[in-house]
Amino acid sequence: MLNELEKLAAFIGNTPLIELKNNDANLFAKLEYNNFTGSSKDRASFSIIYNGIRDGKINEDTTIIASSSGNLAISVASICKRLKLKFIPVIDPNINSAYETLLNLISYEVVKVTERDYTGGYLLTRIETVDRLQAETPNSFIADQYGDPNNYKGYAGLGEEILSSFKDLDYIFTAVSSSGAITGISSYIKQRRPEIKIIGVDVEGSVIFNAKPVKRYISGIGASRIPPIIENAIIDDVVIVSQLDIIRGCFELLNEQAIFAGASSGAVYLAAKNHAKANTVKATSLMIFPDKGHTYLDTIYNKEWGAELAVKLKETELV
């Protein structure tokens, strides 16, 4: 299986780097949606599955289980399909319809939770379901993006790509969710170029940086619990954006740079732009854009959905 998996390595990493138009800073974006299945999560899933096989935890009869309503599920499902492994993603109602349809096409089974946890999200319910499924399923392996160190170790290549591309770099902006990307990038970069500042971008209502939990409606950024692997991250500063600001950031990214990207990219773009405006020195900043925007056409890029979200959030404020 490792030989078959290694054939995919050429299609993961070495993603394009593009300079963006901005008067306040030298802004660059790493277009991670050019990976094999269309997101940066290919780095994590490849690393988790590869090391699981190498360490003898995964064989030809193993069932892979993972909690994800987004890119990791698609990535793991695609790799498992290639390796002829059974895969069960545990998803929730925040998943977009295109991803759910695709997962049903390429997965062994799809389990969808509908009960929110005490934080108002679904993550904890998904994780409980994954643990139950593992206990019930002989020879099963959890592709754990929250706790498996092979998640963030899979981003060492991205760190190397960044350093080889820049002689001078001041800031790296990356969104947080399972926190594999920011942990892997920061741990690699800081060992070699400690002067580069790592800026985490999170959404209001996420608890990753010990904020109060609030019901969230946008997938791909934030979490209902602190991912264990983030304790290995070295983060210099954090920017918290609202859910409505994420929508604004996505539209600004599309209209100003002609880049059609997902929620976390919009959040990162807005955070980097605001930071550049507030900075008196013209710095060089890199943004990590994890995925494309097509899976958000029914949500973030749907103006009616955005208007309904604004009403929901206003009602929440009044309670």
# chains A, B, ... in the order shown; residues from 1 in each chain; ligands from 1
>>> select_by_dssp(residues="stretch 215-263 of chain A", states="strand (DSSP E)", output="JSON, numbers by chain")
{"A": [237, 238, 239, 240, 241]}
>>> residues_around(residues="A:Pro228", least_positions_apart="5", cutoff="9 Å", atoms="only C-alpha atoms", output="ChimeraX atom specification")
/A:146-148,178-179
>>> residues_around(residues="stretch 108-124 of chain A", least_positions_apart="5", cutoff="8 Å", atoms="only C-alpha atoms", output="list in words")
Ser67, Lys86, Phe87, Ile88, Pro89, Val90, Ile91, Asp92, Pro93, Leu103, Thr129, Pro213, Val214, Lys215, Arg216, Ala223, Ser224 and Arg225 of chain A
>>> write_last_selection(atoms="C-alpha atoms", output="compact mmCIF listing (two decimals), in the first residue's frame")
# COMPACT_ATOMS: atom_id res chain seq x y z
CA SER A 67 -14.57 13.29 12.08
CA LYS A 86 -13.07 1.24 3.74
CA PHE A 87 -13.68 4.79 4.97
CA ILE A 88 -16.43 6.13 7.25
CA PRO A 89 -16.58 9.93 7.58
CA VAL A 90 -18.63 11.35 10.44
CA ILE A 91 -20.19 14.59 9.20
CA ASP A 92 -22.72 17.18 10.41
CA PRO A 93 -25.37 19.51 8.92
CA LEU A 103 -18.58 11.50 0.18
CA THR A 129 -19.60 9.15 17.38
CA PRO A 213 -18.43 29.33 22.57
CA VAL A 214 -21.11 30.70 20.24
CA LYS A 215 -23.16 28.89 17.63
CA ARG A 216 -21.30 28.95 14.31
CA ALA A 223 -13.57 24.55 16.59
CA SER A 224 -15.76 23.60 19.54
CA ARG A 225 -12.79 22.36 21.54
>>> closest_residue(among="A:Ile196, A:Thr183, A:Asn210, A:Leu31", to="A:Leu163", atoms="only C-alpha atoms")
A:Ile196
>>> atom_distance(atom1="atom CA of A:Met1", atom2="atom CA of A:Glu60")
7.8 Å
>>> atom_distance(atom1="atom CA of A:Asn94", atom2="atom CA of A:Ile246")
15.7 Å
>>> residues_around(residues="A:Gln257", least_positions_apart="3", cutoff="12 Å", atoms="only C-alpha atoms", output="list of chain:residue names")
A:Ile18, A:Glu19, A:Leu20, A:Lys21, A:Asn22, A:Leu27, A:Phe28, A:Ala29, A:Gly249, A:Cys250, A:Phe251, A:Glu252, A:Leu253, A:Leu254, A:Phe260, A:Ala261, A:Gly266, A:Tyr269
>>> decode(residues="stretch 194-205 of chain A", atoms="all heavy atoms", output="PDB file, in the first residue's frame")
ATOM      1  N   PRO A 194      13.204  32.258  13.357  1.00  0.00           N
ATOM      2  CA  PRO A 194      12.355  32.653  14.496  1.00  0.00           C
ATOM      3  C   PRO A 194      11.826  34.071  14.416  1.00  0.00           C
ATOM      4  O   PRO A 194      10.864  34.416  15.113  1.00  0.00           O
ATOM      5  CB  PRO A 194      13.284  32.479  15.709  1.00  0.00           C
ATOM      6  CG  PRO A 194      14.663  32.526  15.144  1.00  0.00           C
ATOM      7  CD  PRO A 194      14.570  31.934  13.778  1.00  0.00           C
ATOM      8  N   GLU A 195      12.435  34.914  13.567  1.00  0.00           N
ATOM      9  CA  GLU A 195      11.965  36.304  13.468  1.00  0.00           C
ATOM     10  C   GLU A 195      10.659  36.441  12.702  1.00  0.00           C
ATOM     11  O   GLU A 195       9.957  37.467  12.806  1.00  0.00           O
ATOM     12  CB  GLU A 195      13.050  37.163  12.801  1.00  0.00           C
ATOM     13  CG  GLU A 195      13.167  37.030  11.282  1.00  0.00           C
ATOM     14  CD  GLU A 195      13.963  35.818  10.825  1.00  0.00           C
ATOM     15  OE1 GLU A 195      14.354  35.003  11.694  1.00  0.00           O
ATOM     16  OE2 GLU A 195      14.207  35.683   9.614  1.00  0.00           O
ATOM     17  N   ILE A 196      10.271  35.431  11.945  1.00  0.00           N
ATOM     18  CA  ILE A 196       9.003  35.477  11.197  1.00  0.00           C
ATOM     19  C   ILE A 196       7.842  35.302  12.171  1.00  0.00           C
ATOM     20  O   ILE A 196       7.819  34.355  12.965  1.00  0.00           O
ATOM     21  CB  ILE A 196       8.964  34.389  10.106  1.00  0.00           C
ATOM     22  CG1 ILE A 196      10.074  34.619   9.076  1.00  0.00           C
ATOM     23  CG2 ILE A 196       7.599  34.368   9.417  1.00  0.00           C
ATOM     24  CD1 ILE A 196      10.181  33.515   8.032  1.00  0.00           C
ATOM     25  N   LYS A 197       6.898  36.211  12.127  1.00  0.00           N
ATOM     26  CA  LYS A 197       5.757  36.184  13.043  1.00  0.00           C
ATOM     27  C   LYS A 197       4.632  35.317  12.469  1.00  0.00           C
ATOM     28  O   LYS A 197       4.264  35.453  11.300  1.00  0.00           O
ATOM     29  CB  LYS A 197       5.227  37.600  13.294  1.00  0.00           C
ATOM     30  CG  LYS A 197       6.268  38.578  13.825  1.00  0.00           C
ATOM     31  CD  LYS A 197       6.789  38.159  15.186  1.00  0.00           C
ATOM     32  CE  LYS A 197       7.766  39.202  15.755  1.00  0.00           C
ATOM     33  NZ  LYS A 197       8.356  38.753  17.033  1.00  0.00           N
ATOM     34  N   ILE A 198       4.083  34.461  13.322  1.00  0.00           N
ATOM     35  CA  ILE A 198       2.972  33.586  12.937  1.00  0.00           C
ATOM     36  C   ILE A 198       1.685  34.157  13.519  1.00  0.00           C
ATOM     37  O   ILE A 198       1.557  34.323  14.738  1.00  0.00           O
ATOM     38  CB  ILE A 198       3.181  32.154  13.457  1.00  0.00           C
ATOM     39  CG1 ILE A 198       4.559  31.609  13.037  1.00  0.00           C
ATOM     40  CG2 ILE A 198       2.051  31.249  12.979  1.00  0.00           C
ATOM     41  CD1 ILE A 198       4.753  31.445  11.561  1.00  0.00           C
ATOM     42  N   ILE A 199       0.724  34.469  12.640  1.00  0.00           N
ATOM     43  CA  ILE A 199      -0.551  35.058  13.054  1.00  0.00           C
ATOM     44  C   ILE A 199      -1.671  34.051  12.809  1.00  0.00           C
ATOM     45  O   ILE A 199      -1.922  33.641  11.670  1.00  0.00           O
ATOM     46  CB  ILE A 199      -0.857  36.357  12.280  1.00  0.00           C
ATOM     47  CG1 ILE A 199       0.372  37.283  12.255  1.00  0.00           C
ATOM     48  CG2 ILE A 199      -2.083  37.041  12.885  1.00  0.00           C
ATOM     49  CD1 ILE A 199       0.802  37.795  13.595  1.00  0.00           C
ATOM     50  N   GLY A 200      -2.338  33.638  13.867  1.00  0.00           N
ATOM     51  CA  GLY A 200      -3.480  32.744  13.748  1.00  0.00           C
ATOM     52  C   GLY A 200      -4.756  33.537  13.532  1.00  0.00           C
ATOM     53  O   GLY A 200      -4.954  34.586  14.150  1.00  0.00           O
ATOM     54  N   VAL A 201      -5.623  33.043  12.669  1.00  0.00           N
ATOM     55  CA  VAL A 201      -6.900  33.708  12.385  1.00  0.00           C
ATOM     56  C   VAL A 201      -8.030  32.743  12.753  1.00  0.00           C
ATOM     57  O   VAL A 201      -8.109  31.637  12.217  1.00  0.00           O
ATOM     58  CB  VAL A 201      -7.009  34.127  10.906  1.00  0.00           C
ATOM     59  CG1 VAL A 201      -8.326  34.853  10.662  1.00  0.00           C
ATOM     60  CG2 VAL A 201      -5.826  35.008  10.512  1.00  0.00           C
ATOM     61  N   ASP A 202      -8.885  33.195  13.667  1.00  0.00           N
ATOM     62  CA  ASP A 202      -9.991  32.357  14.135  1.00  0.00           C
ATOM     63  C   ASP A 202     -11.298  33.126  14.005  1.00  0.00           C
ATOM     64  O   ASP A 202     -11.311  34.330  13.761  1.00  0.00           O
ATOM     65  CB  ASP A 202      -9.750  31.943  15.588  1.00  0.00           C
ATOM     66  CG  ASP A 202     -10.549  30.714  16.002  1.00  0.00           C
ATOM     67  OD1 ASP A 202     -11.193  30.105  15.134  1.00  0.00           O
ATOM     68  OD2 ASP A 202     -10.526  30.369  17.202  1.00  0.00           O
ATOM     69  N   VAL A 203     -12.407  32.425  14.209  1.00  0.00           N
ATOM     70  CA  VAL A 203     -13.727  33.022  14.067  1.00  0.00           C
ATOM     71  C   VAL A 203     -14.377  33.183  15.433  1.00  0.00           C
ATOM     72  O   VAL A 203     -14.148  32.382  16.352  1.00  0.00           O
ATOM     73  CB  VAL A 203     -14.613  32.154  13.136  1.00  0.00           C
ATOM     74  CG1 VAL A 203     -14.811  30.760  13.708  1.00  0.00           C
ATOM     75  CG2 VAL A 203     -15.964  32.828  12.884  1.00  0.00           C
ATOM     76  N   GLU A 204     -15.192  34.214  15.592  1.00  0.00           N
ATOM     77  CA  GLU A 204     -15.958  34.403  16.825  1.00  0.00           C
ATOM     78  C   GLU A 204     -16.804  33.156  17.112  1.00  0.00           C
ATOM     79  O   GLU A 204     -17.434  32.603  16.217  1.00  0.00           O
ATOM     80  CB  GLU A 204     -16.885  35.611  16.693  1.00  0.00           C
ATOM     81  CG  GLU A 204     -16.176  36.952  16.786  1.00  0.00           C
ATOM     82  CD  GLU A 204     -17.155  38.122  16.702  1.00  0.00           C
ATOM     83  OE1 GLU A 204     -18.348  37.876  16.447  1.00  0.00           O
ATOM     84  OE2 GLU A 204     -16.723  39.273  16.868  1.00  0.00           O
ATOM     85  N   GLY A 205     -16.778  32.733  18.364  1.00  0.00           N
ATOM     86  CA  GLY A 205     -17.545  31.551  18.742  1.00  0.00           C
ATOM     87  C   GLY A 205     -16.708  30.302  18.833  1.00  0.00           C
ATOM     88  O   GLY A 205     -17.119  29.307  19.429  1.00  0.00           O
TER      89      GLY A 205
END
